[in-house]
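Visitor: Supplied in structure tokens, the structure appears directly below.
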Amino acid sequence: MHGGTVWFWHPESPHSRWIRQRGTYRHAAESDAKSLDWLVFQWLDRTAAKPGDPGPTRPIPVTDATPYNQLVRQRGIAPQPVSDLLFTFRLRVAGQGRLELRACDGHRAFRFVWEISPGGSGCQIYEGQRLLPWPDGAENLPEGRDLAMAVSLVDRQFLVAVDGQPLMAYPYDRPEPAACDTPFGIGVQSLEVEVRELEVRRDVQYGSMLGGLAHWGVDQPVVLGPGEFFVLGDNSAISVDSRMWPHPAVRFEQLVGRPLAVHFPVRLVRLGGVVIQVPAWSRIRYIR
């Protein structure tokens, strides 16, 4: 859960063959399947929920909202959508059929297609319905074993990796910010599939914050001179840093030390009808 929202995977169709068992999603083989059966990711807003009653939910784009920035929402400052997302999971397939991985940033939509047939297997990539050239030297997905998969839209690049090694990468342009209610999906036709350890992560986004007061490095570029630094705070959504200082550059002689510890990660605790922040002791650590 992330500050009034919850990460959520669910079948796209009410007649889906996807089932969830203790955090693992399984799809049974179906020899006469006519179309893809999708398991999709959505970020669900539960800000209107009452204590003890989850209430209605609605899908919203992934944003830079965090639990420790609750006052930002109370001040009427809307969180910014995040386009740079990473989806990781472990995958096992059996049989013959088709598997698709879908990724969308709100402006561009990509599909990674894996076909397994009696004659072998092959992979293709699409932007919308347009077939993209398969990168020179890229191999197909290996069959018959457990795979650690990653699908990324980070840094304007659609990338698929397997077992920690890039399988293919397709750079592209997009305006910022972008937003998509359903950024990732796994589609299956005929195959028997097991998916587990699903995680969607967002990149740290240094854009506008505090109601759009950011300027340097956001509205216009900054050219640094010798021995100058552009300083960014660790809480990117609300940090007062080089993005909004009158003079963005910090000279080397103004740097007086280095951080020693992470001392303010928090977790949310509900006391009656009140939610408070308390230190997350297990996450406090030295920076080496």
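Just so we're on the same page: first chain in the structure tokens is A, next is B, and so on; residues restart at 1 for each chain, and ligands are numbered from 1 in the order they show up.
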I'd like the neighbourhood of Met244 (chain A) as JSON, numbers by chain, where a residue qualifies if any of its atoms comes within 8 Å (using only C-alpha atoms), though same-chain residues fewer than 4 positions away should be ignored.
Guide: {"A": [213, 214, 215, 216, 240, 248]}
Visitor: For Gly164 (chain A), list every protein, DNA or RNA residue within 10 Å, evaluated using only C-alpha atoms, and leave out those in the same chain fewer than 2 positions away; present the list as a compact mmCIF listing (two decimals) with all heavy atoms, in the first residue's frame.
Guide:
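As a result, out_20.txt now contains:
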# COMPACT_ATOMS: atom_id res chain seq x y z
N LEU A 147 12.08 -18.33 -15.34
CA LEU A 147 12.73 -17.13 -15.86
C LEU A 147 12.47 -15.94 -14.94
O LEU A 147 11.35 -15.74 -14.48
CB LEU A 147 12.20 -16.80 -17.26
CG LEU A 147 12.33 -17.87 -18.33
CD1 LEU A 147 11.62 -17.42 -19.60
CD2 LEU A 147 13.79 -18.20 -18.61
N ALA A 148 13.52 -15.16 -14.68
CA ALA A 148 13.38 -13.90 -13.97
C ALA A 148 13.21 -12.81 -15.03
O ALA A 148 14.15 -12.49 -15.76
CB ALA A 148 14.60 -13.62 -13.10
N MET A 149 12.00 -12.23 -15.12
CA MET A 149 11.66 -11.30 -16.18
C MET A 149 11.62 -9.86 -15.67
O MET A 149 11.31 -9.60 -14.51
CB MET A 149 10.30 -11.65 -16.78
CG MET A 149 10.20 -13.05 -17.36
SD MET A 149 11.23 -13.25 -18.84
CE MET A 149 10.55 -11.97 -19.91
N ALA A 150 11.92 -8.93 -16.56
CA ALA A 150 11.79 -7.50 -16.26
C ALA A 150 11.29 -6.79 -17.52
O ALA A 150 11.80 -7.04 -18.62
CB ALA A 150 13.12 -6.90 -15.82
N VAL A 160 13.01 -5.30 -22.38
CA VAL A 160 12.67 -6.59 -21.79
C VAL A 160 13.98 -7.30 -21.45
O VAL A 160 14.88 -7.39 -22.30
CB VAL A 160 11.82 -7.45 -22.74
CG1 VAL A 160 11.56 -8.83 -22.14
CG2 VAL A 160 10.50 -6.76 -23.06
N ALA A 161 14.10 -7.76 -20.21
CA ALA A 161 15.30 -8.47 -19.77
C ALA A 161 14.90 -9.82 -19.19
O ALA A 161 13.80 -9.98 -18.65
CB ALA A 161 16.06 -7.66 -18.73
N VAL A 162 15.80 -10.79 -19.29
CA VAL A 162 15.58 -12.12 -18.73
C VAL A 162 16.82 -12.53 -17.95
O VAL A 162 17.94 -12.40 -18.45
CB VAL A 162 15.22 -13.14 -19.83
CG1 VAL A 162 16.29 -13.20 -20.90
CG2 VAL A 162 14.97 -14.51 -19.23
N PRO A 166 19.61 -7.87 -20.67
CA PRO A 166 18.66 -7.31 -21.65
C PRO A 166 18.46 -8.26 -22.82
O PRO A 166 19.43 -8.75 -23.41
CB PRO A 166 19.33 -6.01 -22.09
CG PRO A 166 20.28 -5.65 -20.97
CD PRO A 166 20.76 -6.97 -20.43
N LEU A 167 17.20 -8.51 -23.14
CA LEU A 167 16.86 -9.32 -24.31
C LEU A 167 16.68 -8.44 -25.52
O LEU A 167 17.13 -8.75 -26.63
CB LEU A 167 15.57 -10.11 -24.03
CG LEU A 167 15.14 -11.13 -25.08
CD1 LEU A 167 16.12 -12.30 -25.09
CD2 LEU A 167 13.72 -11.62 -24.79
Visitor: Where does DSSP see helix (DSSP H, G or I) in region 1-226 of chain A, if you list the residues as a list in words?
Guide: Pro67, Tyr68, Asn69, Gln70, Leu71, Val72, Arg73 and Gln74 of chain A
Visitor: If you run DSSP on the backbone here, which positions in region 16-253 of chain A get strand (DSSP E or B)? Please write them as a short mmCIF file (atom, residue, chain, number, x, y, z; two decimals) with C-alpha atoms, in the first residue's frame.
Guide:
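The resulting file, result-v3.cif, is shown below:
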data_model
loop_
_atom_site.label_atom_id
_atom_site.label_comp_id
_atom_site.auth_asym_id
_atom_site.auth_seq_id
_atom_site.Cartn_x
_atom_site.Cartn_y
_atom_site.Cartn_z
CA TRP A 18 -6.31 -16.71 -14.09
CA ILE A 19 -6.40 -17.78 -10.43
CA ARG A 20 -4.42 -16.45 -7.46
CA GLN A 21 -2.95 -18.76 -4.83
CA THR A 24 1.19 -16.73 -7.21
CA TYR A 25 -0.95 -16.34 -10.33
CA ARG A 26 -1.63 -19.44 -12.41
CA HIS A 27 -3.27 -19.88 -15.77
CA ASP A 37 -6.58 -13.88 -21.38
CA TRP A 38 -5.14 -10.80 -19.62
CA LEU A 39 -3.90 -10.29 -16.08
CA VAL A 40 -3.52 -6.52 -15.65
CA PHE A 41 -1.98 -4.13 -13.14
CA GLN A 42 -3.77 -1.07 -11.80
CA TRP A 43 -3.13 1.42 -9.03
CA LEU A 44 -6.38 1.80 -7.10
CA ASP A 45 -7.27 4.98 -5.24
CA LYS A 50 -13.37 4.90 5.92
CA ASP A 53 -14.56 -0.08 5.24
CA ARG A 58 -11.01 3.57 -8.91
CA PRO A 59 -7.95 3.03 -11.11
CA ILE A 60 -5.61 6.01 -11.35
CA THR A 63 2.05 8.99 -9.23
CA PRO A 81 2.11 11.04 -12.74
CA LEU A 85 8.07 2.24 -14.40
CA LEU A 86 9.69 -1.18 -13.99
CA PHE A 87 7.78 -4.47 -13.78
CA THR A 88 9.61 -7.58 -12.51
CA PHE A 89 8.32 -11.13 -11.99
CA ARG A 90 9.23 -14.79 -12.23
CA LEU A 91 7.70 -16.76 -15.08
CA ARG A 92 7.26 -20.43 -15.94
CA VAL A 93 5.42 -21.62 -19.04
CA ALA A 94 4.49 -25.04 -20.42
CA GLY A 97 0.55 -21.10 -27.41
CA ARG A 98 1.14 -17.38 -27.07
CA LEU A 99 2.25 -15.06 -24.28
CA GLU A 100 2.22 -11.25 -24.47
CA LEU A 101 3.68 -8.64 -22.14
CA ARG A 102 1.98 -5.24 -22.45
CA ALA A 103 3.47 -1.91 -21.36
CA CYS A 104 1.92 1.55 -21.73
CA ALA A 109 1.89 1.27 -25.96
CA PHE A 110 4.21 -1.69 -26.57
CA ARG A 111 3.73 -5.45 -26.75
CA PHE A 112 6.31 -8.20 -26.41
CA VAL A 113 4.98 -11.39 -28.05
CA TRP A 114 6.32 -14.92 -27.43
CA GLU A 115 4.94 -17.67 -29.66
CA ILE A 116 5.63 -21.34 -28.82
CA SER A 117 4.69 -23.89 -31.49
CA GLY A 120 9.96 -23.90 -32.06
CA SER A 121 9.49 -20.49 -30.53
CA GLY A 122 9.91 -16.91 -31.64
CA CYS A 123 9.63 -13.39 -30.23
CA GLN A 124 8.34 -10.14 -31.73
CA ILE A 125 7.78 -6.58 -30.50
CA TYR A 126 5.00 -4.18 -31.47
CA GLU A 127 4.17 -0.54 -30.91
CA ARG A 130 2.97 -1.86 -35.83
CA LEU A 131 5.59 -4.59 -35.93
CA LEU A 132 9.00 -3.27 -34.88
CA LEU A 147 12.73 -17.13 -15.86
CA ALA A 148 13.38 -13.90 -13.97
CA MET A 149 11.66 -11.30 -16.18
CA ALA A 150 11.79 -7.50 -16.26
CA VAL A 151 9.75 -5.10 -18.41
CA SER A 152 10.84 -1.46 -18.25
CA GLN A 157 13.13 2.99 -23.49
CA PHE A 158 10.96 -0.11 -23.78
CA LEU A 159 13.18 -2.90 -22.50
CA VAL A 160 12.67 -6.59 -21.79
CA ALA A 161 15.30 -8.47 -19.77
CA VAL A 162 15.58 -12.12 -18.73
CA GLN A 165 20.38 -9.61 -19.10
CA PRO A 166 18.66 -7.31 -21.65
CA LEU A 167 16.86 -9.32 -24.31
CA MET A 168 15.81 -6.32 -26.40
CA ALA A 169 15.60 -2.54 -26.04
CA TYR A 170 13.68 0.01 -28.10
CA PRO A 171 14.39 3.74 -27.44
CA PHE A 184 1.32 -3.41 -17.47
CA GLY A 185 -0.39 -6.65 -18.41
CA ILE A 186 0.33 -10.35 -19.04
CA GLY A 187 -1.76 -12.03 -21.74
CA VAL A 188 -1.93 -15.80 -22.28
CA GLN A 189 -3.45 -17.94 -25.00
CA GLU A 192 -0.03 -23.12 -18.95
CA VAL A 193 1.59 -20.25 -17.04
CA GLU A 194 2.77 -19.54 -13.50
CA VAL A 195 3.70 -15.99 -12.48
CA ARG A 196 4.98 -15.04 -9.03
CA GLU A 197 6.93 -12.33 -7.19
CA LEU A 198 5.24 -9.58 -9.20
CA GLU A 199 6.56 -6.09 -8.43
CA VAL A 200 5.97 -2.73 -10.08
CA ARG A 201 8.48 -0.03 -9.17
CA ARG A 202 8.56 3.63 -10.08
CA TRP A 216 15.84 25.19 -13.04
CA GLN A 220 14.84 25.34 -18.75
CA GLU A 228 29.68 23.36 -9.67
CA PHE A 229 26.95 20.93 -8.66
CA PHE A 230 23.19 20.72 -9.21
CA ALA A 249 24.58 25.88 -8.86
CA VAL A 250 26.42 24.94 -5.65
CA ARG A 251 30.19 25.45 -5.66
#
Visitor: Could you tell me how far CA of Trp245 (chain A) lies from CA of Val231 (chain A), in Å and to one decimal?
Guide: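 Atom-to-atom, CA of Trp245 (chain A) and CA of Val231 (chain A) are spaced 10.0 Å apart.
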Visitor: Could you give me, as a tab-separated table, a per-residue list for region 112-160 of chain A showing, wherever an atom lies at most 12 Å from an atom of region 203-206 of chain A, the closest pair of atoms and their distance in Å to one decimal, using only C-alpha atoms and sorting by chain then residue number from low to high?
Guide:
residue	atom	partner	partner_atom	distance
A:Ser152	CA	A:Asp203	CA	10.3
A:Leu153	CA	A:Asp203	CA	9.7
A:Val154	CA	A:Asp203	CA	7.2
A:Asp155	CA	A:Asp203	CA	9.2
A:Arg156	CA	A:Asp203	CA	11.9
Visitor: Quick one: of A:Ser239, A:Tyr286, A:Glu12, A:Pro279, who's nearest to Arg258 (chain A), counting only C-alpha atoms?
Guide: A:Tyr286
